file target-v4.cif (mmCIF, C-alpha atoms (C1' of nucleotides))
data_structure
loop_
_atom_site.label_atom_id
_atom_site.label_comp_id
_atom_site.auth_asym_id
_atom_site.auth_seq_id
_atom_site.Cartn_x
_atom_site.Cartn_y
_atom_site.Cartn_z
CA MET A 1 -11.37 -8.16 65.72
CA ALA A 2 -7.93 -6.68 65.88
CA LYS A 3 -5.50 -7.87 63.27
CA PRO A 4 -3.51 -10.98 64.11
CA SER A 5 -0.31 -10.54 66.07
CA GLN A 6 2.39 -13.19 66.26
CA THR A 7 3.44 -12.16 69.74
CA GLU A 8 -0.10 -12.25 71.06
CA LEU A 9 -0.55 -15.70 69.58
CA ALA A 10 2.57 -16.96 71.33
CA VAL A 11 1.56 -15.40 74.66
CA LEU A 12 -2.01 -16.73 74.49
CA ALA A 13 -0.69 -20.17 73.55
CA ALA A 14 1.80 -20.17 76.44
CA LEU A 15 -0.92 -19.14 78.91
CA SER A 16 -3.23 -21.85 77.54
CA VAL A 17 -1.04 -24.53 79.11
CA ARG A 18 -1.28 -22.95 82.55
CA PRO A 19 -1.73 -19.44 84.04
CA MET A 20 1.63 -17.71 84.46
CA THR A 21 3.33 -14.43 85.21
CA GLY A 22 4.73 -12.58 82.22
CA TYR A 23 8.19 -13.49 83.44
CA ALA A 24 7.31 -17.17 83.55
CA ALA A 25 5.70 -16.95 80.11
CA ARG A 26 8.95 -15.66 78.73
CA GLU A 27 10.85 -18.43 80.50
CA ALA A 28 8.50 -21.01 79.00
CA ILE A 29 8.85 -19.54 75.53
CA VAL A 30 12.65 -19.56 75.80
CA THR A 31 13.00 -23.05 77.25
CA GLU A 32 10.11 -24.92 75.63
CA LEU A 33 9.59 -23.10 72.33
CA GLY A 34 13.14 -21.81 72.10
CA MET A 35 14.00 -24.14 69.22
CA PHE A 36 11.52 -22.46 66.90
CA TRP A 37 10.26 -19.29 68.62
CA SER A 38 11.46 -16.27 70.56
CA GLU A 39 10.00 -13.27 72.36
CA SER A 40 11.64 -10.53 74.41
CA PHE A 41 10.29 -8.85 77.54
CA GLY A 42 9.85 -5.68 75.55
CA GLN A 43 7.29 -7.55 73.46
CA ILE A 44 5.63 -9.67 76.09
CA TYR A 45 4.63 -7.04 78.64
CA PRO A 46 2.95 -4.65 76.19
CA ALA A 47 1.26 -7.67 74.60
CA LEU A 48 -0.03 -8.82 77.98
CA ALA A 49 -1.33 -5.31 78.69
CA ARG A 50 -3.18 -5.26 75.37
CA LEU A 51 -4.61 -8.73 75.97
CA ARG A 52 -5.79 -7.69 79.44
CA GLU A 53 -7.44 -4.56 78.04
CA ALA A 54 -9.16 -6.65 75.37
CA GLY A 55 -10.50 -9.01 78.02
CA LEU A 56 -8.65 -12.01 76.63
CA VAL A 57 -6.51 -12.43 79.72
CA GLU A 58 -7.20 -11.70 83.39
CA ALA A 59 -4.82 -11.27 86.31
CA VAL A 60 -5.63 -13.55 89.23
CA GLN A 61 -3.96 -14.02 92.58
CA ALA A 62 -2.84 -17.63 92.57
CA GLN A 63 -2.34 -19.59 95.78
CA GLY A 64 1.18 -20.80 95.02
CA SER A 65 2.87 -17.67 93.68
CA ARG A 66 3.45 -14.32 95.32
CA SER A 67 2.73 -12.36 92.11
CA ALA A 68 -0.53 -12.28 90.19
CA VAL A 69 -0.63 -14.73 87.31
CA HIS A 70 -2.29 -14.16 83.94
CA ARG A 71 -5.03 -16.56 82.94
CA LEU A 72 -6.88 -16.95 79.64
CA THR A 73 -10.54 -15.91 79.73
CA PRO A 74 -13.05 -17.87 77.62
CA ALA A 75 -12.79 -15.07 75.04
CA GLY A 76 -9.03 -15.48 75.18
CA ARG A 77 -9.29 -19.17 74.37
CA GLU A 78 -11.59 -18.41 71.43
CA ARG A 79 -9.12 -15.85 70.21
CA LEU A 80 -6.31 -18.38 70.51
CA VAL A 81 -8.18 -20.83 68.29
CA GLU A 82 -8.87 -18.03 65.82
CA LEU A 83 -5.19 -17.06 65.70
CA LEU A 84 -4.02 -20.67 65.38
CA ARG A 85 -6.29 -21.00 62.33
CA GLU A 86 -4.71 -17.97 60.65
CA PRO A 87 -2.30 -18.82 57.85
CA VAL A 88 1.30 -19.20 58.96
CA VAL A 89 3.35 -16.02 58.55
CA ALA A 90 6.61 -16.87 56.82
CA SER A 91 9.59 -15.00 58.20
CA PRO A 92 11.98 -13.86 55.47
CA PRO A 93 15.13 -16.02 55.38
CA ARG A 94 18.38 -14.56 56.70
CA ASN A 95 21.16 -17.12 56.97
CA GLY A 96 24.44 -15.29 57.46
CA MET A 97 26.48 -18.48 57.29
CA LEU A 98 25.16 -19.43 53.85
CA LEU A 99 25.53 -15.85 52.63
CA ARG A 100 29.22 -15.96 53.55
CA LEU A 101 29.65 -19.40 52.01
CA PHE A 102 27.99 -18.30 48.77
CA PHE A 103 30.72 -15.66 48.44
CA GLY A 104 33.26 -18.08 49.92
CA ASP A 105 35.75 -17.32 47.17
CA VAL A 106 36.37 -13.91 48.79
CA LEU A 107 37.54 -15.36 52.14
CA GLY A 108 38.89 -18.69 50.95
CA PRO A 109 38.33 -22.34 51.88
CA ALA A 110 39.91 -22.22 55.36
CA ALA A 111 37.64 -19.43 56.62
CA CYS A 112 34.67 -21.22 55.07
CA ALA A 113 35.58 -24.43 56.86
CA GLU A 114 35.50 -22.43 60.12
CA LEU A 115 31.98 -21.29 59.33
CA VAL A 116 30.82 -24.80 58.50
CA LEU A 117 32.48 -26.27 61.60
CA ASP A 118 30.68 -23.67 63.67
CA ALA A 119 27.36 -24.65 62.15
CA ARG A 120 28.21 -28.29 62.80
CA ARG A 121 28.99 -27.56 66.44
CA ARG A 122 25.69 -25.72 66.88
CA ALA A 123 23.83 -28.64 65.33
CA GLU A 124 25.49 -31.04 67.78
CA GLU A 125 24.47 -28.84 70.70
CA THR A 126 20.95 -28.61 69.35
CA LEU A 127 20.79 -32.38 69.08
CA ALA A 128 21.93 -32.76 72.69
CA ARG A 129 19.31 -30.29 73.94
CA LEU A 130 16.64 -32.04 71.86
CA ALA A 131 17.59 -35.39 73.38
CA ASP A 132 16.85 -33.86 76.80
CA ALA A 133 13.59 -32.38 75.54
CA ARG A 134 12.60 -35.76 74.09
CA ARG A 135 13.29 -37.56 77.37
CA GLY A 136 11.31 -34.88 79.23
CA ALA A 137 8.36 -35.08 76.84
CA GLU A 138 8.31 -38.88 76.80
CA ALA A 139 8.03 -38.92 80.60
CA GLU A 140 4.97 -36.63 80.46
CA ASN A 141 1.38 -37.73 80.28
CA HIS A 142 -0.31 -34.73 78.71
CA PRO A 143 -2.77 -34.38 75.80
CA GLN A 144 -0.19 -32.23 74.01
CA GLN A 145 2.62 -34.75 74.47
CA PRO A 146 2.45 -36.33 71.00
CA TYR A 147 2.58 -32.86 69.45
CA TRP A 148 5.59 -31.90 71.54
CA LEU A 149 7.40 -34.97 70.24
CA MET A 150 6.57 -33.98 66.66
CA THR A 151 8.24 -30.59 67.09
CA VAL A 152 11.22 -32.25 68.77
CA SER A 153 11.48 -34.60 65.81
CA ALA A 154 11.42 -31.64 63.42
CA GLY A 155 14.43 -30.20 65.22
CA GLU A 156 16.21 -33.55 65.17
CA HIS A 157 15.71 -34.04 61.45
CA ALA A 158 16.93 -30.52 60.74
CA ALA A 159 19.97 -30.89 62.99
CA ARG A 160 20.96 -34.25 61.52
CA ALA A 161 20.61 -32.78 58.03
CA THR A 162 22.96 -29.99 59.06
CA LEU A 163 25.49 -32.53 60.34
CA ALA A 164 25.39 -34.54 57.12
CA TRP A 165 25.71 -31.40 55.01
CA ALA A 166 28.54 -30.08 57.12
CA ASP A 167 30.57 -33.27 56.75
CA GLU A 168 30.00 -33.38 53.01
CA THR A 169 30.91 -29.69 52.72
CA LEU A 170 34.02 -29.89 54.89
CA ASP A 171 35.17 -32.66 52.60
CA ALA A 172 34.52 -30.55 49.50
CA LEU A 173 36.33 -27.60 51.10
CA SER A 174 39.37 -29.69 51.95
CA ARG A 175 39.52 -30.83 48.34
CA LEU A 176 39.39 -27.16 47.31
CA GLY A 177 41.98 -25.92 49.77
CA GLY A 178 44.06 -29.06 50.27
CA PRO A 179 45.74 -29.40 46.84
CA ALA A 180 46.77 -25.72 46.92
CA ALA A 181 48.24 -26.09 50.41
CA GLY A 182 49.78 -29.56 49.98
CA MET B 1 34.28 2.33 60.69
CA ALA B 2 30.53 2.29 60.81
CA LYS B 3 28.99 -0.65 62.60
CA PRO B 4 28.29 -3.71 60.50
CA SER B 5 25.02 -3.82 58.60
CA GLN B 6 23.55 -7.01 57.21
CA THR B 7 21.92 -5.22 54.29
CA GLU B 8 25.11 -3.44 53.32
CA LEU B 9 26.97 -6.74 53.44
CA ALA B 10 24.44 -8.33 51.09
CA VAL B 11 24.53 -5.37 48.69
CA LEU B 12 28.32 -5.19 48.64
CA ALA B 13 28.48 -8.95 48.10
CA ALA B 14 25.98 -8.81 45.23
CA LEU B 15 27.90 -5.98 43.56
CA SER B 16 31.16 -7.90 43.98
CA VAL B 17 30.05 -10.40 41.35
CA ARG B 18 29.39 -7.66 38.78
CA PRO B 19 28.34 -3.99 38.78
CA MET B 20 24.57 -3.65 38.77
CA THR B 21 21.68 -1.24 39.17
CA GLY B 22 19.92 -1.34 42.52
CA TYR B 23 16.99 -2.97 40.80
CA ALA B 24 19.21 -5.71 39.37
CA ALA B 25 20.87 -6.21 42.74
CA ARG B 26 17.50 -6.88 44.26
CA GLU B 27 16.68 -9.27 41.43
CA ALA B 28 19.94 -11.11 42.01
CA ILE B 29 19.33 -11.33 45.75
CA VAL B 30 15.83 -12.69 45.21
CA THR B 31 16.72 -15.22 42.53
CA GLU B 32 20.22 -16.31 43.54
CA LEU B 33 20.26 -15.82 47.31
CA GLY B 34 16.51 -16.17 47.74
CA MET B 35 16.83 -19.55 49.43
CA PHE B 36 18.64 -18.05 52.42
CA TRP B 37 18.48 -14.26 52.13
CA SER B 38 16.06 -11.45 51.35
CA GLU B 39 16.10 -7.68 50.95
CA SER B 40 13.40 -5.23 49.96
CA PHE B 41 13.75 -2.11 47.82
CA GLY B 42 13.09 -0.02 50.88
CA GLN B 43 16.32 -1.40 52.33
CA ILE B 44 18.47 -1.55 49.21
CA TYR B 45 18.16 2.00 47.94
CA PRO B 46 18.98 3.72 51.23
CA ALA B 47 21.83 1.23 51.70
CA LEU B 48 23.19 2.04 48.23
CA ALA B 49 22.99 5.76 49.01
CA ARG B 50 24.94 5.26 52.24
CA LEU B 51 27.53 3.10 50.47
CA ARG B 52 27.95 5.73 47.77
CA GLU B 53 28.38 8.48 50.37
CA ALA B 54 30.97 6.38 52.19
CA GLY B 55 32.91 5.91 48.95
CA LEU B 56 32.45 2.14 48.97
CA VAL B 57 30.42 2.12 45.77
CA GLU B 58 30.48 4.38 42.72
CA ALA B 59 27.91 4.93 40.01
CA VAL B 60 29.29 4.43 36.52
CA GLN B 61 27.67 4.65 33.10
CA ALA B 62 28.04 1.17 31.67
CA GLN B 63 28.08 0.52 27.91
CA GLY B 64 25.36 -2.14 27.93
CA SER B 65 22.72 -0.65 30.19
CA ARG B 66 20.74 2.55 29.90
CA SER B 67 20.93 3.32 33.62
CA ALA B 68 24.02 3.90 35.69
CA VAL B 69 25.29 0.79 37.45
CA HIS B 70 26.84 0.64 40.90
CA ARG B 71 30.37 -0.70 41.13
CA LEU B 72 32.49 -1.56 44.17
CA THR B 73 35.45 0.74 44.78
CA PRO B 74 38.68 -0.77 46.17
CA ALA B 75 37.58 0.53 49.60
CA GLY B 76 34.26 -1.21 49.03
CA ARG B 77 35.97 -4.53 48.38
CA GLU B 78 38.02 -4.10 51.57
CA ARG B 79 34.86 -3.34 53.48
CA LEU B 80 33.21 -6.44 52.01
CA VAL B 81 36.05 -8.63 53.29
CA GLU B 82 35.80 -6.94 56.68
CA LEU B 83 32.06 -7.58 56.87
CA LEU B 84 32.39 -11.18 55.70
CA ARG B 85 34.86 -11.74 58.56
CA GLU B 86 32.35 -10.43 61.13
CA PRO B 87 30.69 -13.13 63.21
CA VAL B 88 27.43 -14.41 61.77
CA VAL B 89 24.37 -12.65 63.19
CA ALA B 90 21.83 -15.28 64.19
CA SER B 91 18.26 -14.32 63.39
CA PRO B 92 15.82 -15.25 66.15
CA PRO B 93 13.74 -18.30 65.20
CA ARG B 94 10.10 -17.83 64.28
CA ASN B 95 8.49 -20.94 62.85
CA GLY B 96 4.74 -20.44 62.84
CA MET B 97 4.09 -23.99 61.64
CA LEU B 98 5.93 -25.58 64.56
CA LEU B 99 4.32 -23.16 67.01
CA ARG B 100 0.90 -24.32 65.82
CA LEU B 101 1.95 -27.96 65.90
CA PHE B 102 3.29 -27.61 69.45
CA PHE B 103 -0.20 -26.55 70.52
CA GLY B 104 -1.73 -29.01 68.06
CA ASP B 105 -4.10 -30.35 70.67
CA VAL B 106 -6.11 -27.10 70.41
CA LEU B 107 -6.87 -27.50 66.68
CA GLY B 108 -6.76 -31.29 66.44
CA PRO B 109 -4.93 -33.82 64.24
CA ALA B 110 -6.68 -33.01 60.95
CA ALA B 111 -5.76 -29.32 61.03
CA CYS B 112 -2.22 -30.27 62.01
CA ALA B 113 -1.97 -32.65 59.06
CA GLU B 114 -2.91 -29.71 56.82
CA LEU B 115 -0.04 -27.70 58.26
CA VAL B 116 2.42 -30.53 57.79
CA LEU B 117 1.22 -31.24 54.25
CA ASP B 118 1.71 -27.57 53.45
CA ALA B 119 5.27 -27.71 54.75
CA ARG B 120 5.82 -30.87 52.71
CA ARG B 121 4.56 -29.18 49.56
CA ARG B 122 6.84 -26.21 50.10
CA ALA B 123 9.80 -28.55 50.58
CA GLU B 124 8.99 -30.29 47.28
CA GLU B 125 8.86 -26.94 45.50
CA THR B 126 12.13 -25.92 47.11
CA LEU B 127 13.73 -29.15 45.94
CA ALA B 128 12.55 -28.53 42.37
CA ARG B 129 13.92 -24.99 42.36
CA LEU B 130 17.19 -26.23 43.83
CA ALA B 131 17.50 -28.83 41.09
CA ASP B 132 17.31 -25.98 38.57
CA ALA B 133 19.85 -23.98 40.55
CA ARG B 134 22.18 -26.98 40.67
CA ARG B 135 21.97 -27.52 36.92
CA GLY B 136 22.63 -23.81 36.38
CA ALA B 137 25.60 -23.76 38.74
CA GLU B 138 27.11 -26.96 37.34
CA ALA B 139 27.07 -25.45 33.85
CA GLU B 140 29.03 -22.40 35.08
CA ASN B 141 32.77 -22.03 35.12
CA HIS B 142 33.30 -19.43 37.82
CA PRO B 143 35.67 -19.30 40.82
CA GLN B 144 32.62 -19.15 43.10
CA GLN B 145 30.95 -22.19 41.48
CA PRO B 146 31.97 -24.75 44.14
CA TYR B 147 30.64 -22.45 46.86
CA TRP B 148 27.35 -22.00 45.05
CA LEU B 149 26.97 -25.76 44.95
CA MET B 150 27.63 -25.97 48.70
CA THR B 151 24.76 -23.58 49.44
CA VAL B 152 22.53 -25.49 47.02
CA SER B 153 23.41 -28.68 48.86
CA ALA B 154 22.52 -27.06 52.19
CA GLY B 155 19.07 -26.31 50.83
CA GLU B 156 18.70 -29.83 49.48
CA HIS B 157 19.65 -31.46 52.77
CA ALA B 158 17.22 -29.22 54.65
CA ALA B 159 14.38 -29.86 52.21
CA ARG B 160 14.88 -33.62 52.22
CA ALA B 161 14.91 -33.55 56.02
CA THR B 162 11.60 -31.70 55.94
CA LEU B 163 10.14 -34.34 53.60
CA ALA B 164 11.26 -37.21 55.82
CA TRP B 165 9.95 -35.47 58.94
CA ALA B 166 6.64 -34.63 57.26
CA ASP B 167 6.03 -38.24 56.24
CA GLU B 168 6.89 -39.51 59.69
CA THR B 169 4.67 -36.86 61.28
CA LEU B 170 1.71 -37.41 58.97
CA ASP B 171 1.90 -41.04 59.94
CA ALA B 172 1.91 -40.19 63.64
CA LEU B 173 -1.00 -37.79 63.14
CA SER B 174 -3.06 -40.39 61.32
CA ARG B 175 -2.48 -42.78 64.22
CA LEU B 176 -3.67 -40.00 66.58
CA GLY B 177 -6.72 -39.01 64.56
CA GLY B 178 -7.48 -42.28 62.81
CA PRO B 179 -8.61 -44.46 65.73
CA ALA B 180 -10.93 -41.72 66.98
CA ALA B 181 -12.47 -41.30 63.53
CA GLY B 182 -12.58 -45.03 62.63
"C1'" DG C 1 22.57 -6.76 104.79
"C1'" DG C 2 24.12 -8.16 100.07
"C1'" DG C 3 23.64 -10.67 95.90
"C1'" DG C 4 20.77 -13.20 92.98
"C1'" DT C 5 16.52 -14.12 90.90
"C1'" DC C 6 11.66 -12.87 90.16
"C1'" DA C 7 8.80 -9.49 88.27
"C1'" DT C 8 7.01 -5.45 85.55
"C1'" DG C 9 7.45 -2.07 82.85
"C1'" DT C 10 9.21 2.05 79.56
"C1'" DA C 11 12.10 4.53 76.13
"C1'" DA C 12 15.16 4.76 72.49
"C1'" DA C 13 16.96 2.89 68.76
"C1'" DC C 14 16.96 -0.13 64.95
"C1'" DA C 15 15.42 -3.12 61.30
"C1'" DG C 16 12.33 -4.14 57.93
"C1'" DT C 17 8.14 -4.18 55.02
"C1'" DT C 18 4.63 -2.00 52.43
"C1'" DA C 19 2.65 1.30 49.92
"C1'" DC C 20 3.09 5.15 47.32
"C1'" DA C 21 4.97 8.37 43.76
"C1'" DT C 22 7.40 9.06 39.66
"C1'" DG C 23 9.13 8.50 35.23
"C1'" DA C 24 11.92 6.17 31.47
"C1'" DT C 25 12.16 2.44 28.34
"C1'" DT C 26 10.59 -1.59 26.06
"C1'" DT C 27 7.30 -4.59 24.24
"C1'" DT C 28 2.96 -5.59 22.16
"C1'" DA D 1 -1.12 3.94 22.09
"C1'" DA D 2 -1.26 0.93 26.01
"C1'" DA D 3 0.76 -2.24 29.07
"C1'" DA D 4 4.60 -4.22 31.18
"C1'" DT D 5 8.96 -3.86 32.99
"C1'" DC D 6 12.99 -1.27 34.56
"C1'" DA D 7 14.51 1.96 37.80
"C1'" DT D 8 14.81 5.03 41.95
"C1'" DG D 9 13.36 6.70 45.76
"C1'" DT D 10 10.42 8.22 50.15
"C1'" DA D 11 7.12 7.88 54.03
"C1'" DA D 12 4.53 5.58 57.23
"C1'" DC D 13 4.08 1.90 59.82
"C1'" DT D 14 5.22 -2.31 62.33
"C1'" DG D 15 7.86 -5.20 64.79
"C1'" DT D 16 11.77 -6.14 67.69
"C1'" DT D 17 15.71 -5.70 70.56
"C1'" DT D 18 18.30 -3.45 74.08
"C1'" DA D 19 19.01 -0.88 77.80
"C1'" DC D 20 17.37 1.19 81.60
"C1'" DA D 21 14.63 1.81 85.95
"C1'" DT D 22 12.39 -0.06 89.75
"C1'" DG D 23 11.30 -2.89 93.49
"C1'" DA D 24 9.88 -7.29 95.94
"C1'" DC D 25 11.45 -11.51 97.72
"C1'" DC D 26 14.78 -15.21 98.97
"C1'" DC D 27 19.00 -17.31 100.38
"C1'" DC D 28 23.41 -16.95 102.56
#
call {"tool": "encode", "arguments": {"input": "target-v4.cif", "output": "structure tokens"}}
result
Amino acid sequence: MAKPSQTELAVLAALSVRPMTGYAAREAIVTELGMFWSESFGQIYPALARLREAGLVEAVQAQGSRSAVHRLTPAGRERLVELLREPVVASPPRNGMLLRLFFGDVLGPAACAELVLDARRRAEETLARLADARRGAEAENHPQQPYWLMTVSAGEHAARATLAWADETLDALSRLGGPAAG
Amino acid sequence: MAKPSQTELAVLAALSVRPMTGYAAREAIVTELGMFWSESFGQIYPALARLREAGLVEAVQAQGSRSAVHRLTPAGRERLVELLREPVVASPPRNGMLLRLFFGDVLGPAACAELVLDARRRAEETLARLADARRGAEAENHPQQPYWLMTVSAGEHAARATLAWADETLDALSRLGGPAAG
DNA sequence: GGGGTCATGTAAACAGTTACATGATTTT
DNA sequence: AAAATCATGTAACTGTTTACATGACCCC
């Protein structure tokens, strides 16, 4: 078999829930997996073409939609299982906020506090979006529902950790900058 | 000025602490920034060459080391400040573990528990390495020391959040898989 | 009919890793 | 003398984003 591709895994997984157009698959990835995954059109369409060629996906004319939707073939479902069993590919870390904070001495405490406040704000927004996602998932009755809630919970734990860290760090920064300014 | 580059920012920042060879810069990035940043040789050497050409870095023969080390020029330090002031570039999320868990129904609770246990193990390891880093940083007397501790704390909060989430999730998974197996 | 969204795709540019090649120095 | 580490670099490949081009369909 061809070597594992992250994008193909995500596309196969998205289509496993229900047949979709490429456009809708991207929508689903942005809205439902957006907290921990991302794909661009420039990735999705070539991936779909490859999957179609490999017989893992077929285009069918669905009753409801005007465009043809892409549906997993049995081989596609097998391939999905195979890809899900592959070891997780770790993406190299790249946290620009922490990089700036590490060298915080260069910009000073005030600029650092800005960075931390920004991170705090993003965590609040994340928490709000996750609350919506949780309500949505709890209303569902789907075999995947418990798993959806687990990923929501992962986001909530991470966001709350960011909030706690941000408060602690803003305090430390004010103690660094405050005495000099006061 | 040339458009901002993440790699050049990291290299300039690393060299701002002390002049280093490219090899040592990579070592420093892996060991000191490794929790939230990464660069490969294939990025660092071309970046150093560009920085040298732009007059932001100069190669000097240091007393201690056999090879020439790279040192920031005054223009290089200005450029570092400029790059640190640039807005943080968010890297698109790609969490293979959560992707698999989201579609956990396909592989089943036992395989999911493996994934979560793996994440838990990594968080424990991270916590141990951060404890070392904290001890090291606390022993230092450097203007950047408080900032180092803030980044260490960020890692600690995140790792502890992962532990708490993993325990909660393993519990939920056992309740999913347990009754079926028992 | 005009503007927005749905839908599919391609091309260019960019970012990044991996593997390879080379050689000096240090350690064993 | 051999092996490990330090040190620098290049080339090929892969992955990814962005911008562009195109057109159907839907609502106002």
call {"tool": "residues_near_point", "arguments": {"input": "target-v4.cif", "point": "(-2.6, -13.9, 63.9)", "cutoff": "10 Å", "atoms": "all atoms listed in the file", "output": "list in words"}}
result
Ala2, Lys3, Pro4, Ser5, Gln6, Thr7, Glu8, Leu9, Ala10, Arg79, Leu80, Val81, Glu82, Leu83, Leu84, Arg85, Glu86, Pro87, Val88 and Val89 of chain A; Gly96 of chain B
call {"tool": "resolve_selection", "arguments": {"input": "target-v4.cif", "expression": "the PyMOL selection byres ((chain C) within 9 of (chain A))", "output": "CSV table (one decimal) with C-alpha atoms (C1' of nucleotides), keeping the file's coordinate frame"}}
result
chain,number,residue,atom,x,y,z
C,6,DC,C1',11.7,-12.9,90.2
C,7,DA,C1',8.8,-9.5,88.3
C,8,DT,C1',7.0,-5.4,85.6
C,9,DG,C1',7.4,-2.1,82.8
C,10,DT,C1',9.2,2.0,79.6
call {"tool": "residues_near_point", "arguments": {"input": "target-v4.cif", "point": "(1.7, 3.4, 52.0)", "cutoff": "12 Å", "atoms": "only C-alpha atoms (C1' of nucleotides)", "output": "PyMOL selection string"}}
result
(chain B and resi 42) or (chain C and resi 17-21) or (chain D and resi 10-13)
call {"tool": "residues_around", "arguments": {"input": "target-v4.cif", "residues": "Gln43 in chain A", "least_positions_apart": "3", "cutoff": "10 Å", "atoms": "all atoms listed in the file", "output": "number ranges by chain"}}
result
A: 7-8, 11, 26, 39-40, 46-48; D: 15-17
call {"tool": "resolve_selection", "arguments": {"input": "target-v4.cif", "expression": "the PyMOL selection byres ((chain D) within 12 of (chain A))", "output": "compact mmCIF listing (two decimals) with C-alpha atoms (C1' of nucleotides), in the coordinates of the input"}}
result
# COMPACT_ATOMS: atom_id res chain seq x y z
C1' DT D 14 5.22 -2.31 62.33
C1' DG D 15 7.86 -5.20 64.79
C1' DT D 16 11.77 -6.14 67.69
C1' DT D 17 15.71 -5.70 70.56
C1' DT D 18 18.30 -3.45 74.08
C1' DA D 19 19.01 -0.88 77.80
C1' DC D 20 17.37 1.19 81.60
C1' DA D 24 9.88 -7.29 95.94
C1' DC D 25 11.45 -11.51 97.72
C1' DC D 26 14.78 -15.21 98.97
call {"tool": "interface_residues", "arguments": {"input": "target-v4.cif", "of": "chain A", "to": "chain B", "cutoff": "8 Å", "atoms": "all atoms listed in the file", "output": "PyMOL selection string"}}
result
chain A and resi 10+13+33-38+81+84-85+88-107+143-144+147-148+150-151+153-154+157-158+161-162+164-165+169
call {"tool": "atom_distance", "arguments": {"input": "target-v4.cif", "atom1": "C1' of DT5 in chain C", "atom2": "C1' of DC27 in chain D"}}
result
10.3 Å
call {"tool": "atom_distance", "arguments": {"input": "target-v4.cif", "atom1": "CA of Gln61 in chain B", "atom2": "CA of Ala49 in chain B"}}
result
16.6 Å
call {"tool": "atom_distance", "arguments": {"input": "target-v4.cif", "atom1": "CA of Pro74 in chain A", "atom2": "CA of Ala137 in chain A"}}
result
27.5 Å
call {"tool": "closest_residue", "arguments": {"input": "target-v4.cif", "among": "D:DA7, D:DA1, D:DC28, D:DA21", "to": "DA24 in chain C", "atoms": "all atoms listed in the file"}}
result
D:DA7
call {"tool": "build_atoms", "arguments": {"input": "target-v4.cif", "residues": "range 138-151 of chain B", "atoms": "N, CA and C atoms", "output": "PDB file, keeping the file's coordinate frame"}}
result
ATOM      1  N   GLU B 138      26.172 -25.960  37.878  1.00  0.00           N
ATOM      2  CA  GLU B 138      27.110 -26.960  37.340  1.00  0.00           C
ATOM      3  C   GLU B 138      27.567 -26.596  35.939  1.00  0.00           C
ATOM      4  N   ALA B 139      26.706 -25.869  35.203  1.00  0.00           N
ATOM      5  CA  ALA B 139      27.070 -25.450  33.850  1.00  0.00           C
ATOM      6  C   ALA B 139      28.078 -24.300  33.863  1.00  0.00           C
ATOM      7  N   GLU B 140      28.156 -23.581  34.985  1.00  0.00           N
ATOM      8  CA  GLU B 140      29.030 -22.400  35.080  1.00  0.00           C
ATOM      9  C   GLU B 140      30.503 -22.795  35.194  1.00  0.00           C
ATOM     10  N   ASN B 141      31.358 -21.858  34.839  1.00  0.00           N
ATOM     11  CA  ASN B 141      32.770 -22.030  35.120  1.00  0.00           C
ATOM     12  C   ASN B 141      33.253 -20.733  35.772  1.00  0.00           C
ATOM     13  N   HIS B 142      33.094 -20.669  37.077  1.00  0.00           N
ATOM     14  CA  HIS B 142      33.300 -19.430  37.820  1.00  0.00           C
ATOM     15  C   HIS B 142      34.038 -19.802  39.101  1.00  0.00           C
ATOM     16  N   PRO B 143      34.955 -18.957  39.584  1.00  0.00           N
ATOM     17  CA  PRO B 143      35.670 -19.300  40.820  1.00  0.00           C
ATOM     18  C   PRO B 143      34.732 -19.569  42.002  1.00  0.00           C
ATOM     19  N   GLN B 144      33.535 -18.947  41.980  1.00  0.00           N
ATOM     20  CA  GLN B 144      32.620 -19.150  43.100  1.00  0.00           C
ATOM     21  C   GLN B 144      31.762 -20.400  42.946  1.00  0.00           C
ATOM     22  N   GLN B 145      31.844 -21.054  41.772  1.00  0.00           N
ATOM     23  CA  GLN B 145      30.950 -22.190  41.480  1.00  0.00           C
ATOM     24  C   GLN B 145      30.905 -23.245  42.579  1.00  0.00           C
ATOM     25  N   PRO B 146      32.060 -23.719  43.086  1.00  0.00           N
ATOM     26  CA  PRO B 146      31.970 -24.750  44.140  1.00  0.00           C
ATOM     27  C   PRO B 146      31.214 -24.258  45.371  1.00  0.00           C
ATOM     28  N   TYR B 147      31.340 -22.987  45.687  1.00  0.00           N
ATOM     29  CA  TYR B 147      30.640 -22.450  46.860  1.00  0.00           C
ATOM     30  C   TYR B 147      29.145 -22.368  46.620  1.00  0.00           C
ATOM     31  N   TRP B 148      28.778 -22.018  45.383  1.00  0.00           N
ATOM     32  CA  TRP B 148      27.350 -22.000  45.050  1.00  0.00           C
ATOM     33  C   TRP B 148      26.751 -23.382  45.276  1.00  0.00           C
ATOM     34  N   LEU B 149      27.485 -24.406  44.807  1.00  0.00           N
ATOM     35  CA  LEU B 149      26.970 -25.760  44.950  1.00  0.00           C
ATOM     36  C   LEU B 149      26.829 -26.161  46.427  1.00  0.00           C
ATOM     37  N   MET B 150      27.732 -25.648  47.262  1.00  0.00           N
ATOM     38  CA  MET B 150      27.630 -25.970  48.700  1.00  0.00           C
ATOM     39  C   MET B 150      26.351 -25.387  49.301  1.00  0.00           C
ATOM     40  N   THR B 151      25.996 -24.173  48.891  1.00  0.00           N
ATOM     41  CA  THR B 151      24.760 -23.580  49.440  1.00  0.00           C
ATOM     42  C   THR B 151      23.537 -24.299  48.873  1.00  0.00           C
TER      43      THR B 151
END
